[in-house]
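**Q** Quick one: the structure is below, and I'll ask about it shortly.
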Amino acid sequence: MSDQPEPNQPRKNPQQVQISVPDDVKHGTYANMMFVSHSPHEFTLDFCQLLPSREQGTVQAEVVSRVRIAPTMVAQVLNALNTNLSNYEDRFGQVKAIG
């Protein structure tokens with residue numbers, strides 16, 4: 001027998017995670033665009049701000065935060081986003097895509 005829980009069975013004593021947000025990041029950073037790329041070992045999420053351009057026909061995007069996650073976390077991130085989007089839309093109405 002193994003001490004590991006069977007697949008799809010909850011752990012008997014789940015750990016609580018206490019999250020602390022340092023003062024220098026507690027206000028967050030605004031992003032209005034995101035690019036995703038991946039390698040065999042990680043997914044990279046580049047959060048960007050679109051910047052007005054003086055040249056017609058060009059758009060500049062500045063990366064304001066880059067987050068790298070393990071491939072094993074991608075499903076959890078998608079699930080968390082879907083859950084929160086559903087909760088948001090239940091409260092405030094459907095989010096309509098722009099563009």
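Order determines the names: the first chain of the structure tokens is A, the second B, and so forth; residues in each chain are numbered 1 upward, and ligands are numbered 1 upward as they are shown.
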Could you give me the residues within chain A that DSSP places in helix (DSSP H, G or I), as a ChimeraX atom specification?

**A** /A:71-92

**Q** Give me a file of those residues, with C-alpha atoms, as a PDB file, in the first residue's frame.

**A**
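selection08.pdb written:
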ATOM      1  CA  PRO A  71       2.700  22.861 -17.544  1.00  0.00           C
ATOM      2  CA  THR A  72       1.126  21.003 -14.614  1.00  0.00           C
ATOM      3  CA  MET A  73      -0.476  24.287 -13.462  1.00  0.00           C
ATOM      4  CA  VAL A  74      -2.136  25.256 -16.752  1.00  0.00           C
ATOM      5  CA  ALA A  75      -5.343  23.280 -16.151  1.00  0.00           C
ATOM      6  CA  GLN A  76      -5.668  24.814 -12.659  1.00  0.00           C
ATOM      7  CA  VAL A  77      -5.218  28.331 -14.061  1.00  0.00           C
ATOM      8  CA  LEU A  78      -7.838  27.713 -16.762  1.00  0.00           C
ATOM      9  CA  ASN A  79     -10.263  26.268 -14.208  1.00  0.00           C
ATOM     10  CA  ALA A  80      -9.767  29.223 -11.847  1.00  0.00           C
ATOM     11  CA  LEU A  81     -10.308  31.718 -14.687  1.00  0.00           C
ATOM     12  CA  ASN A  82     -13.435  29.905 -15.921  1.00  0.00           C
ATOM     13  CA  THR A  83     -14.892  29.729 -12.419  1.00  0.00           C
ATOM     14  CA  ASN A  84     -14.214  33.394 -11.747  1.00  0.00           C
ATOM     15  CA  LEU A  85     -15.514  34.484 -15.156  1.00  0.00           C
ATOM     16  CA  SER A  86     -18.750  32.566 -14.541  1.00  0.00           C
ATOM     17  CA  ASN A  87     -19.118  34.183 -11.110  1.00  0.00           C
ATOM     18  CA  TYR A  88     -18.414  37.621 -12.597  1.00  0.00           C
ATOM     19  CA  GLU A  89     -20.957  37.156 -15.399  1.00  0.00           C
ATOM     20  CA  ASP A  90     -23.586  35.888 -12.946  1.00  0.00           C
ATOM     21  CA  ARG A  91     -23.171  39.111 -11.021  1.00  0.00           C
ATOM     22  CA  PHE A  92     -22.482  41.725 -13.706  1.00  0.00           C
TER      23      PHE A  92
END

**Q** Where in chain A does DSSP assign strand (DSSP E), given as a PyMOL selection string?

**A** chain A and resi 33-38+43-51+60-69

**Q** My list of candidates is A:Ala97, A:Asp23, A:Ala70, A:Val59. Which is closest to A:Ser39 when distances are computed with only C-alpha atoms?

**A**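 Result for the nearest residue to A:Ser39: A:Ala70.
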
**Q** From the set A:Thr29, A:Ser37, A:Thr44, A:Asn13, which residue has the shortest atom-to-atom contact distance to A:Arg66, counting only C-alpha atoms?

**A**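 Smallest distance to A:Arg66 is found for A:Thr44.
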
**Q** Please report the interatomic distance between atom CA of A:Asp24 and atom CA of A:Phe43 in Å with one decimal.

**A** 24.9 Å

**Q** Hey, which of A:Thr58, A:Gln16, A:Ser65, A:Ser53 ends up closest to A:Phe35? Count only C-alpha atoms.

**A** A:Ser65

**Q** Give me, please, the distance in Å between atom CA of A:Gln49 and atom CA of A:Val64, quoted to one decimal.

**A**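 Atom-to-atom, atom CA of A:Gln49 and atom CA of A:Val64 are spaced 6.8 Å apart.
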
**Q** Contacts of A:Ala61 at 7 Å or less, counting only C-alpha atoms, minus same-chain residues fewer than 3 places along, as a ChimeraX atom specification?

**A** /A:48-51

**Q** Just to be explicit: take each residue in the selection above, keep C-alpha atoms, and write the result as a PDB file, in the first residue's frame.

**A**
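Contents of the output file result.pdb:
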ATOM      1  CA  CYS A  48       1.024  43.845 -21.698  1.00  0.00           C
ATOM      2  CA  GLN A  49      -0.307  47.372 -21.982  1.00  0.00           C
ATOM      3  CA  LEU A  50      -1.199  48.538 -25.456  1.00  0.00           C
ATOM      4  CA  LEU A  51       0.368  51.928 -26.037  1.00  0.00           C
TER       5      LEU A  51
END

**Q** Have a look at atom CA of A:Val21 and atom CA of A:Met33 and let me know their distance in Å, one decimal.

**A**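 Computing the Euclidean distance for atom CA of A:Val21 and atom CA of A:Met33 yields 23.3 Å.
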
**Q** Which one of A:Gly93, A:Gly28, A:Pro40, A:Gly57 sits closest to A:Ile69 if you count only C-alpha atoms?

**A**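 Closest to A:Ile69 of all the choices is A:Pro40.
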